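Okay, my_file27.txt now, which holds compact mmCIF, C-alpha atoms:
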```
# COMPACT_ATOMS: atom_id res chain seq x y z
CA MET A 1 -28.25 -24.93 53.32
CA THR A 2 -29.03 -22.91 56.42
CA GLY A 3 -27.34 -21.75 59.59
CA ILE A 4 -30.47 -21.96 61.77
CA LYS A 5 -30.96 -25.44 63.21
CA SER A 6 -34.37 -24.64 64.71
CA VAL A 7 -36.05 -24.25 61.28
CA LEU A 8 -35.20 -27.85 60.33
CA SER A 9 -37.45 -30.80 61.10
CA ASN A 10 -36.40 -34.48 61.13
CA TYR A 11 -32.92 -33.26 62.00
CA VAL A 12 -30.01 -35.71 61.94
CA ASP A 13 -26.64 -34.86 63.49
CA GLN A 14 -24.10 -35.87 60.89
CA TYR A 15 -20.80 -34.15 60.25
CA SER A 16 -20.03 -34.52 56.54
CA GLY A 17 -17.20 -32.15 55.76
CA THR A 18 -17.09 -28.45 55.07
CA VAL A 19 -18.51 -25.87 52.66
CA ARG A 20 -16.24 -23.42 50.87
CA PHE A 21 -17.56 -19.96 50.09
CA GLY A 22 -16.51 -17.41 47.50
CA ASN A 23 -14.25 -15.54 49.96
CA ASP A 24 -12.26 -18.78 50.55
CA HIS A 25 -13.80 -19.23 54.04
CA PHE A 26 -14.88 -22.66 55.19
CA ALA A 27 -17.77 -23.75 57.42
CA ALA A 28 -18.59 -27.17 58.85
CA ILE A 29 -21.70 -29.14 57.86
CA LEU A 30 -23.15 -30.27 61.21
CA GLY A 31 -26.24 -32.16 60.06
CA TYR A 32 -29.26 -32.40 57.77
CA GLY A 33 -32.99 -31.86 58.04
CA ASP A 34 -36.17 -30.83 56.20
CA LEU A 35 -37.11 -27.19 55.71
CA GLU A 36 -40.88 -26.54 55.68
CA SER A 37 -42.39 -23.24 54.57
CA ASP A 38 -45.95 -22.53 53.36
CA ASN A 39 -46.74 -26.23 52.84
CA ILE A 40 -43.50 -26.61 50.87
CA THR A 41 -40.90 -29.11 52.04
CA ILE A 42 -37.28 -29.06 50.88
CA SER A 43 -35.53 -32.25 51.97
CA ASN A 44 -31.93 -32.88 52.92
CA VAL A 45 -31.11 -29.26 53.81
CA ALA A 46 -27.60 -28.95 55.25
CA HIS A 47 -27.07 -27.22 58.58
CA VAL A 48 -23.89 -25.17 58.15
CA GLU A 49 -22.21 -23.68 61.20
CA GLY A 50 -22.27 -19.87 61.29
CA LEU A 51 -24.12 -19.41 57.98
CA GLY A 52 -25.99 -16.09 57.95
CA HIS A 53 -28.26 -16.77 54.92
CA ASN A 54 -30.34 -19.64 53.58
CA LEU A 55 -28.55 -20.67 50.40
CA PHE A 56 -29.28 -22.90 47.44
CA SER A 57 -26.36 -24.95 46.11
CA ILE A 58 -25.67 -24.36 42.43
CA GLY A 59 -23.75 -27.63 42.37
CA GLN A 60 -26.79 -29.58 43.57
CA PHE A 61 -28.94 -27.94 40.89
CA CYS A 62 -26.42 -29.11 38.29
CA ASP A 63 -26.32 -32.60 39.82
CA LYS A 64 -30.10 -32.82 39.22
CA ASP A 65 -29.54 -32.14 35.50
CA LEU A 66 -30.78 -28.54 35.81
CA GLU A 67 -29.39 -25.42 34.14
CA VAL A 68 -28.70 -22.24 36.14
CA ASN A 69 -28.47 -19.00 34.15
CA PHE A 70 -27.32 -15.78 35.88
CA ARG A 71 -28.14 -12.39 34.37
CA SER A 72 -27.56 -8.81 35.47
CA LYS A 73 -30.84 -8.49 37.37
CA ASN A 74 -32.12 -12.02 37.83
CA CYS A 75 -31.29 -15.72 37.61
CA VAL A 76 -33.25 -18.63 36.19
CA VAL A 77 -33.18 -22.34 37.05
CA ARG A 78 -34.52 -24.45 34.22
CA THR A 79 -34.44 -27.93 32.79
CA TYR A 80 -32.35 -28.77 29.76
CA GLU A 81 -35.61 -28.87 27.80
CA GLY A 82 -36.10 -25.15 28.56
CA THR A 83 -38.80 -25.30 31.25
CA ASN A 84 -38.31 -22.59 33.89
CA LEU A 85 -38.53 -23.91 37.44
CA LEU A 86 -37.26 -21.08 39.64
CA ASN A 87 -36.68 -17.36 39.19
CA GLY A 88 -34.38 -15.32 41.39
CA THR A 89 -33.85 -11.57 41.74
CA ARG A 90 -30.53 -9.80 42.22
CA ARG A 91 -30.49 -7.83 45.46
CA SER A 92 -27.96 -5.67 47.20
CA LYS A 93 -24.47 -7.08 47.89
CA ASN A 94 -24.74 -9.06 44.65
CA LEU A 95 -26.97 -11.74 46.18
CA TYR A 96 -29.57 -13.54 44.10
CA THR A 97 -32.66 -14.39 46.15
CA ILE A 98 -35.49 -16.86 45.49
CA ASN A 99 -38.86 -16.40 47.20
CA LEU A 100 -40.17 -19.75 48.45
CA SER A 101 -43.75 -18.53 48.06
CA ASP A 102 -43.16 -18.56 44.28
CA LEU A 103 -42.67 -22.30 44.42
CA LYS A 104 -46.41 -22.84 45.07
CA ARG A 105 -47.24 -21.34 41.70
CA SER A 106 -44.87 -23.62 39.81
CA PRO A 107 -46.23 -27.16 39.43
CA ASN A 108 -43.00 -28.39 37.80
CA VAL A 109 -40.66 -27.69 40.73
CA CYS A 110 -39.03 -30.73 42.27
CA LEU A 111 -36.44 -29.94 44.93
CA ILE A 112 -36.02 -33.49 46.19
CA ALA A 113 -32.57 -34.53 47.30
CA LYS A 114 -30.97 -37.48 45.54
CA ALA A 115 -30.97 -40.67 47.57
CA SER A 116 -27.75 -42.55 48.18
CA MET A 117 -27.39 -45.81 46.26
CA ASP A 118 -27.65 -47.88 49.45
CA VAL A 119 -31.03 -46.29 50.27
CA ALA A 120 -32.20 -46.49 46.65
CA TRP A 121 -31.43 -50.21 46.30
CA LEU A 122 -32.96 -50.89 49.72
CA TRP A 123 -36.35 -49.43 48.70
CA HIS A 124 -36.03 -51.07 45.28
CA ARG A 125 -35.93 -54.46 47.03
CA ARG A 126 -38.57 -53.57 49.63
CA LEU A 127 -41.13 -52.59 46.98
CA SER A 128 -40.87 -55.79 44.92
CA HIS A 129 -37.96 -54.59 42.74
CA ILE A 130 -39.78 -51.57 41.34
CA ASN A 131 -37.84 -49.49 38.81
CA PHE A 132 -36.33 -46.21 40.02
CA LYS A 133 -38.47 -43.98 37.81
CA ASN A 134 -41.67 -45.32 39.36
CA LEU A 135 -40.05 -45.22 42.80
CA THR A 136 -39.47 -41.49 42.41
CA THR A 137 -43.07 -41.06 41.19
CA LEU A 138 -44.35 -42.75 44.35
CA THR A 139 -42.25 -40.31 46.38
CA VAL A 140 -43.38 -37.16 44.55
CA LYS A 141 -47.06 -38.10 44.77
CA GLY A 142 -46.81 -39.32 48.37
CA MET A 143 -48.36 -42.68 47.52
CA VAL A 144 -46.35 -44.76 50.03
CA LYS A 145 -46.28 -43.98 53.74
CA GLY A 146 -42.80 -44.08 55.24
CA LEU A 147 -40.99 -43.78 51.90
CA PRO A 148 -38.19 -41.20 52.29
CA ASN A 149 -38.82 -38.01 50.35
CA LEU A 150 -35.83 -38.45 48.04
CA LYS A 151 -35.10 -38.68 44.33
CA TYR A 152 -34.16 -42.22 43.33
CA LYS A 153 -31.77 -42.72 40.45
CA THR A 154 -29.85 -45.86 39.57
CA ASP A 155 -26.18 -46.16 38.77
CA ASP A 156 -24.62 -48.45 36.17
CA SER A 157 -24.89 -51.53 38.40
CA LEU A 158 -27.63 -54.13 37.98
CA CYS A 159 -29.85 -55.89 40.49
CA PRO A 160 -28.89 -59.61 40.47
CA ALA A 161 -32.46 -60.71 41.30
CA CYS A 162 -33.91 -58.60 38.46
CA VAL A 163 -31.35 -59.98 36.01
CA LYS A 164 -32.21 -63.58 36.93
CA GLY A 165 -35.93 -62.86 36.73
CA LYS A 166 -35.64 -61.53 33.19
CA ILE A 167 -33.52 -64.39 31.86
CA THR A 168 -35.35 -66.41 29.22
CA LYS A 169 -34.47 -69.89 28.00
CA ALA A 170 -35.45 -71.51 24.75
CA SER A 171 -37.70 -74.56 25.06
CA HIS A 172 -36.16 -77.98 24.51
CA SER A 173 -36.74 -79.35 21.04
CA SER A 174 -38.70 -82.58 20.84
CA LYS A 175 -36.73 -85.75 20.16
CA VAL A 176 -37.37 -87.33 16.79
CA GLU A 177 -35.61 -90.61 17.60
CA PHE A 178 -35.45 -92.62 20.80
CA ASN A 179 -32.11 -93.53 22.35
CA THR A 180 -33.31 -96.97 23.34
CA THR A 181 -33.51 -99.89 20.89
CA ARG A 182 -35.37 -102.51 22.95
CA PRO A 183 -37.86 -102.74 25.83
CA LEU A 184 -36.58 -102.39 29.39
CA GLN A 185 -33.30 -100.90 28.20
CA LEU A 186 -34.26 -97.68 30.02
CA ILE A 187 -37.11 -97.18 32.45
CA HIS A 188 -38.37 -94.05 34.22
CA MET A 189 -39.77 -94.21 37.74
CA ASP A 190 -41.60 -91.76 39.97
CA LEU A 191 -42.60 -92.44 43.58
CA CYS A 192 -45.35 -90.17 44.95
CA GLY A 193 -46.64 -89.87 48.50
CA PRO A 194 -47.65 -90.09 51.14
CA MET A 195 -51.12 -89.21 49.89
CA ARG A 196 -53.49 -87.34 52.19
CA VAL A 197 -56.18 -90.03 51.77
CA GLU A 198 -55.28 -93.70 52.01
CA SER A 199 -56.89 -96.44 49.94
CA ARG A 200 -59.23 -98.91 51.64
CA ASN A 201 -56.42 -101.40 52.16
CA GLY A 202 -54.08 -98.77 53.67
CA LYS A 203 -51.93 -97.90 50.67
CA LYS A 204 -50.81 -94.26 50.40
CA TYR A 205 -47.83 -94.32 48.00
CA VAL A 206 -47.92 -94.55 44.19
CA LEU A 207 -45.04 -95.89 42.08
CA VAL A 208 -45.20 -95.14 38.35
CA VAL A 209 -42.85 -97.05 36.02
CA VAL A 210 -42.55 -96.10 32.30
CA ASP A 211 -40.62 -98.04 29.68
CA ASP A 212 -38.70 -95.57 27.48
CA TYR A 213 -38.89 -97.72 24.32
CA SER A 214 -42.54 -98.83 24.32
CA ARG A 215 -43.87 -96.03 26.58
CA TYR A 216 -45.79 -98.73 28.43
CA THR A 217 -46.70 -97.65 31.96
CA TRP A 218 -47.16 -99.61 35.20
CA VAL A 219 -48.86 -98.09 38.23
CA ASN A 220 -48.37 -99.73 41.62
CA PHE A 221 -49.72 -98.82 45.05
CA LEU A 222 -47.64 -99.25 48.21
CA ARG A 223 -48.18 -99.04 51.96
CA ALA A 224 -44.60 -97.81 52.65
CA LYS A 225 -41.57 -96.56 50.71
CA SER A 226 -39.55 -99.53 51.85
CA GLU A 227 -41.62 -101.77 49.54
CA THR A 228 -40.25 -99.99 46.44
CA PRO A 229 -36.99 -101.99 45.79
CA VAL A 230 -38.70 -105.38 46.13
CA LEU A 231 -41.57 -104.30 43.87
CA ILE A 232 -39.20 -103.06 41.13
CA ILE A 233 -37.12 -106.26 41.22
CA ASN A 234 -40.21 -108.45 40.99
CA LEU A 235 -41.61 -106.32 38.14
CA ILE A 236 -38.43 -106.65 36.07
CA LYS A 237 -38.20 -110.38 36.72
CA SER A 238 -41.78 -110.90 35.64
CA LEU A 239 -41.26 -108.94 32.42
CA LYS A 240 -38.13 -110.88 31.45
CA LYS A 241 -39.85 -114.27 31.65
```
Same coordinates, now as structure tokens:
Amino acid sequence: MTGIKSVLSNYVDQYSGTVRFGNDHFAAILGYGDLESDNITISNVAHVEGLGHNLFSIGQFCDKDLEVNFRSKNCVVRTYEGTNLLNGTRRSKNLYTINLSDLKRSPNVCLIAKASMDVAWLWHRRLSHINFKNLTTLTVKGMVKGLPNLKYKTDDSLCPACVKGKITKASHSSKVEFNTTRPLQLIHMDLCGPMRVESRNGKKYVLVVVDDYSRYTWVNFLRAKSETPVLIINLIKSLKK
């Protein structure tokens, strides 16, 4: 967080509450922006009214699953696996300072703000339902133009489209016995058309009739769909003779 609005780029005016300091004083958060220094960009930096120093939030470090260890002369920000990311030095007035130029020498530093769930799910859907781990990788490596420079992390909810896409269904078992006991007890029909190319006598529809018992198949060609009922009735009558 910073008290100088002019150092922030991509600034957005957004009042989002107050910040409480160690002396029980409060200051309003007036907006957010990106802080750029020596080719280093820290996103989602809060603009706090009247703040006299640029401060890192210990709470946000902890929210990113990082460990902050304060000692008598310095402080260390590290991952739970023990990898040191940032080193601070204790100055006068009991302030611990971090030099941003040190960030260039640490390839493991990732000070990306966490995206809200609405933004995270929006980009999840826009990029063909990509998982959030790969979405964050695209952000860190700058592989997608226009993708907000945020850290994407899912909650316990599930994407309905992804759930449906991963559902599997067992194939239907083949029938050993037929339900029908005699010919023409059950017939299957399929009417196709209109075909792109007509026959020489102008027929562009195909009616396929299959007897379920004998599996015998009749194929008939029609000029129009309206001929279908008459053709079926005549076919059944001829077979019953």
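We find CA of Asn10 (chain A) and CA of Asn44 (chain A) to be spaced 9.5 Å apart.
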Restricting the calculation to all atoms listed in the file, which member of A:Val77, A:Tyr205, A:Ile42, A:Glu49 is positioned closest to Phe61 (chain A)?
-> A:Val77
Tell me which of A:Glu36, A:Lys153, A:Leu66, A:Leu222 sits closest to Glu198 (chain A), counting only C-alpha atoms.
-> A:Leu222
Of the residues A:Val19, A:Asp190, A:Lys225, A:Cys162, which is the one nearest to Val209 (chain A), using all atoms listed in the file?
->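 For Val209 (chain A), the nearest of the candidates is A:Asp190.
Using only C-alpha atoms, the nearest neighbour of Leu55 (chain A) within the list A:Gly82, A:Thr97, A:Asn23, A:Asn74 is A:Thr97.
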By how many Å are CA of Gly33 (chain A) and CA of Leu85 (chain A) apart?
-> 22.8 Å
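Of the residues under consideration (A:Val45, A:Leu184, A:Cys192, A:Ala28), A:Leu184 shows the shortest atom-to-atom contact distance to Ile236 (chain A) when counting all atoms listed in the file.
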Quick one, how far is CA of Asn69 (chain A) from CA of Gly88 (chain A)?
->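 Between CA of Asn69 (chain A) and CA of Gly88 (chain A) the gap is 10.0 Å.
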Residues within 12 Å of region 193-196 of chain A, all atoms listed in the file, excluding chain neighbours under 5 positions, as a PDB file with C-alpha atoms, in the coordinates of the input:
```pdb
ATOM      1  CA  GLY A 202     -54.080 -98.770  53.670  1.00  0.00           C
ATOM      2  CA  LYS A 203     -51.930 -97.900  50.670  1.00  0.00           C
ATOM      3  CA  LYS A 204     -50.810 -94.260  50.400  1.00  0.00           C
ATOM      4  CA  TYR A 205     -47.830 -94.320  48.000  1.00  0.00           C
ATOM      5  CA  VAL A 206     -47.920 -94.550  44.190  1.00  0.00           C
ATOM      6  CA  LEU A 207     -45.040 -95.890  42.080  1.00  0.00           C
ATOM      7  CA  VAL A 208     -45.200 -95.140  38.350  1.00  0.00           C
ATOM      8  CA  PHE A 221     -49.720 -98.820  45.050  1.00  0.00           C
ATOM      9  CA  LEU A 222     -47.640 -99.250  48.210  1.00  0.00           C
ATOM     10  CA  ARG A 223     -48.180 -99.040  51.960  1.00  0.00           C
ATOM     11  CA  ALA A 224     -44.600 -97.810  52.650  1.00  0.00           C
ATOM     12  CA  LYS A 225     -41.570 -96.560  50.710  1.00  0.00           C
TER      13      LYS A 225
END
```
Using only C-alpha atoms, which of the listed residues (A:Phe70, A:Trp218, A:Phe56, A:Tyr80) sits closest to Asn94 (chain A)?
-> A:Phe70
Shell of 10 Å around Leu186 (chain A), all atoms listed in the file, local chain residues under 2 positions omitted, as a list in words =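 Residues meeting the cut-off are Asn179, Thr180, Thr181, Arg182, Pro183, Leu184, His188, Val210, Asp211, Asp212 and Tyr213 of chain A.
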N, CA and C atoms are needed for region 49-82 of chain A; please write them out as a PDB file, in the coordinates of the input.
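Below you can see part_29.pdb, which holds the result:
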```pdb
ATOM      1  N   GLU A  49     -22.553 -24.468  60.019  1.00  0.00           N
ATOM      2  CA  GLU A  49     -22.210 -23.680  61.200  1.00  0.00           C
ATOM      3  C   GLU A  49     -21.877 -22.231  60.816  1.00  0.00           C
ATOM      4  N   GLY A  50     -22.571 -21.273  61.464  1.00  0.00           N
ATOM      5  CA  GLY A  50     -22.270 -19.870  61.290  1.00  0.00           C
ATOM      6  C   GLY A  50     -22.794 -19.241  60.007  1.00  0.00           C
ATOM      7  N   LEU A  51     -23.610 -19.947  59.238  1.00  0.00           N
ATOM      8  CA  LEU A  51     -24.120 -19.410  57.980  1.00  0.00           C
ATOM      9  C   LEU A  51     -25.186 -18.362  58.264  1.00  0.00           C
ATOM     10  N   GLY A  52     -25.061 -17.173  57.670  1.00  0.00           N
ATOM     11  CA  GLY A  52     -25.990 -16.090  57.950  1.00  0.00           C
ATOM     12  C   GLY A  52     -27.154 -15.998  56.989  1.00  0.00           C
ATOM     13  N   HIS A  53     -27.169 -16.805  55.904  1.00  0.00           N
ATOM     14  CA  HIS A  53     -28.260 -16.770  54.920  1.00  0.00           C
ATOM     15  C   HIS A  53     -28.666 -18.208  54.591  1.00  0.00           C
ATOM     16  N   ASN A  54     -29.893 -18.366  54.134  1.00  0.00           N
ATOM     17  CA  ASN A  54     -30.340 -19.640  53.580  1.00  0.00           C
ATOM     18  C   ASN A  54     -29.939 -19.674  52.115  1.00  0.00           C
ATOM     19  N   LEU A  55     -29.125 -20.642  51.742  1.00  0.00           N
ATOM     20  CA  LEU A  55     -28.550 -20.670  50.400  1.00  0.00           C
ATOM     21  C   LEU A  55     -28.945 -21.921  49.650  1.00  0.00           C
ATOM     22  N   PHE A  56     -29.146 -21.763  48.336  1.00  0.00           N
ATOM     23  CA  PHE A  56     -29.280 -22.900  47.440  1.00  0.00           C
ATOM     24  C   PHE A  56     -27.908 -23.225  46.865  1.00  0.00           C
ATOM     25  N   SER A  57     -27.641 -24.520  46.666  1.00  0.00           N
ATOM     26  CA  SER A  57     -26.360 -24.950  46.110  1.00  0.00           C
ATOM     27  C   SER A  57     -26.481 -25.061  44.592  1.00  0.00           C
ATOM     28  N   ILE A  58     -25.661 -24.284  43.889  1.00  0.00           N
ATOM     29  CA  ILE A  58     -25.670 -24.360  42.430  1.00  0.00           C
ATOM     30  C   ILE A  58     -25.190 -25.746  41.973  1.00  0.00           C
ATOM     31  N   GLY A  59     -24.244 -26.300  42.726  1.00  0.00           N
ATOM     32  CA  GLY A  59     -23.750 -27.630  42.370  1.00  0.00           C
ATOM     33  C   GLY A  59     -24.835 -28.693  42.436  1.00  0.00           C
ATOM     34  N   GLN A  60     -25.714 -28.598  43.458  1.00  0.00           N
ATOM     35  CA  GLN A  60     -26.790 -29.580  43.570  1.00  0.00           C
ATOM     36  C   GLN A  60     -27.820 -29.402  42.460  1.00  0.00           C
ATOM     37  N   PHE A  61     -28.075 -28.158  42.049  1.00  0.00           N
ATOM     38  CA  PHE A  61     -28.940 -27.940  40.890  1.00  0.00           C
ATOM     39  C   PHE A  61     -28.377 -28.644  39.664  1.00  0.00           C
ATOM     40  N   CYS A  62     -27.066 -28.491  39.457  1.00  0.00           N
ATOM     41  CA  CYS A  62     -26.420 -29.110  38.290  1.00  0.00           C
ATOM     42  C   CYS A  62     -26.434 -30.634  38.394  1.00  0.00           C
ATOM     43  N   ASP A  63     -26.285 -31.154  39.626  1.00  0.00           N
ATOM     44  CA  ASP A  63     -26.320 -32.600  39.820  1.00  0.00           C
ATOM     45  C   ASP A  63     -27.687 -33.186  39.485  1.00  0.00           C
ATOM     46  N   LYS A  64     -28.743 -32.359  39.559  1.00  0.00           N
ATOM     47  CA  LYS A  64     -30.100 -32.820  39.220  1.00  0.00           C
ATOM     48  C   LYS A  64     -30.427 -32.567  37.751  1.00  0.00           C
ATOM     49  N   ASP A  65     -29.377 -32.363  36.941  1.00  0.00           N
ATOM     50  CA  ASP A  65     -29.540 -32.140  35.500  1.00  0.00           C
ATOM     51  C   ASP A  65     -30.355 -30.872  35.215  1.00  0.00           C
ATOM     52  N   LEU A  66     -30.129 -29.829  36.025  1.00  0.00           N
ATOM     53  CA  LEU A  66     -30.780 -28.540  35.810  1.00  0.00           C
ATOM     54  C   LEU A  66     -29.747 -27.519  35.330  1.00  0.00           C
ATOM     55  N   GLU A  67     -30.243 -26.493  34.658  1.00  0.00           N
ATOM     56  CA  GLU A  67     -29.390 -25.420  34.140  1.00  0.00           C
ATOM     57  C   GLU A  67     -29.653 -24.144  34.932  1.00  0.00           C
ATOM     58  N   VAL A  68     -28.591 -23.488  35.382  1.00  0.00           N
ATOM     59  CA  VAL A  68     -28.700 -22.240  36.140  1.00  0.00           C
ATOM     60  C   VAL A  68     -28.087 -21.120  35.307  1.00  0.00           C
ATOM     61  N   ASN A  69     -28.897 -20.110  35.006  1.00  0.00           N
ATOM     62  CA  ASN A  69     -28.470 -19.000  34.150  1.00  0.00           C
ATOM     63  C   ASN A  69     -28.543 -17.698  34.942  1.00  0.00           C
ATOM     64  N   PHE A  70     -27.386 -17.041  35.147  1.00  0.00           N
ATOM     65  CA  PHE A  70     -27.320 -15.780  35.880  1.00  0.00           C
ATOM     66  C   PHE A  70     -27.281 -14.612  34.898  1.00  0.00           C
ATOM     67  N   ARG A  71     -28.113 -13.610  35.174  1.00  0.00           N
ATOM     68  CA  ARG A  71     -28.140 -12.390  34.370  1.00  0.00           C
ATOM     69  C   ARG A  71     -27.884 -11.185  35.269  1.00  0.00           C
ATOM     70  N   SER A  72     -27.908 -10.005  34.685  1.00  0.00           N
ATOM     71  CA  SER A  72     -27.560  -8.810  35.470  1.00  0.00           C
ATOM     72  C   SER A  72     -28.547  -8.512  36.577  1.00  0.00           C
ATOM     73  N   LYS A  73     -29.831  -8.837  36.372  1.00  0.00           N
ATOM     74  CA  LYS A  73     -30.840  -8.490  37.370  1.00  0.00           C
ATOM     75  C   LYS A  73     -31.576  -9.709  37.939  1.00  0.00           C
ATOM     76  N   ASN A  74     -31.415 -10.843  37.323  1.00  0.00           N
ATOM     77  CA  ASN A  74     -32.120 -12.020  37.830  1.00  0.00           C
ATOM     78  C   ASN A  74     -31.346 -13.284  37.454  1.00  0.00           C
ATOM     79  N   CYS A  75     -31.834 -14.404  37.953  1.00  0.00           N
ATOM     80  CA  CYS A  75     -31.290 -15.720  37.610  1.00  0.00           C
ATOM     81  C   CYS A  75     -32.452 -16.672  37.378  1.00  0.00           C
ATOM     82  N   VAL A  76     -32.204 -17.676  36.557  1.00  0.00           N
ATOM     83  CA  VAL A  76     -33.250 -18.630  36.190  1.00  0.00           C
ATOM     84  C   VAL A  76     -32.699 -20.043  36.346  1.00  0.00           C
ATOM     85  N   VAL A  77     -33.496 -20.916  36.967  1.00  0.00           N
ATOM     86  CA  VAL A  77     -33.180 -22.340  37.050  1.00  0.00           C
ATOM     87  C   VAL A  77     -34.162 -23.067  36.160  1.00  0.00           C
ATOM     88  N   ARG A  78     -33.639 -23.784  35.189  1.00  0.00           N
ATOM     89  CA  ARG A  78     -34.520 -24.450  34.220  1.00  0.00           C
ATOM     90  C   ARG A  78     -33.978 -25.831  33.892  1.00  0.00           C
ATOM     91  N   THR A  79     -34.849 -26.629  33.285  1.00  0.00           N
ATOM     92  CA  THR A  79     -34.440 -27.930  32.790  1.00  0.00           C
ATOM     93  C   THR A  79     -33.716 -27.770  31.466  1.00  0.00           C
ATOM     94  N   TYR A  80     -33.042 -28.827  31.041  1.00  0.00           N
ATOM     95  CA  TYR A  80     -32.350 -28.770  29.760  1.00  0.00           C
ATOM     96  C   TYR A  80     -33.325 -28.662  28.590  1.00  0.00           C
ATOM     97  N   GLU A  81     -34.595 -29.009  28.843  1.00  0.00           N
ATOM     98  CA  GLU A  81     -35.610 -28.870  27.800  1.00  0.00           C
ATOM     99  C   GLU A  81     -36.112 -27.433  27.693  1.00  0.00           C
ATOM    100  N   GLY A  82     -35.715 -26.558  28.630  1.00  0.00           N
ATOM    101  CA  GLY A  82     -36.100 -25.150  28.560  1.00  0.00           C
ATOM    102  C   GLY A  82     -37.241 -24.749  29.462  1.00  0.00           C
TER     103      GLY A  82
END
```
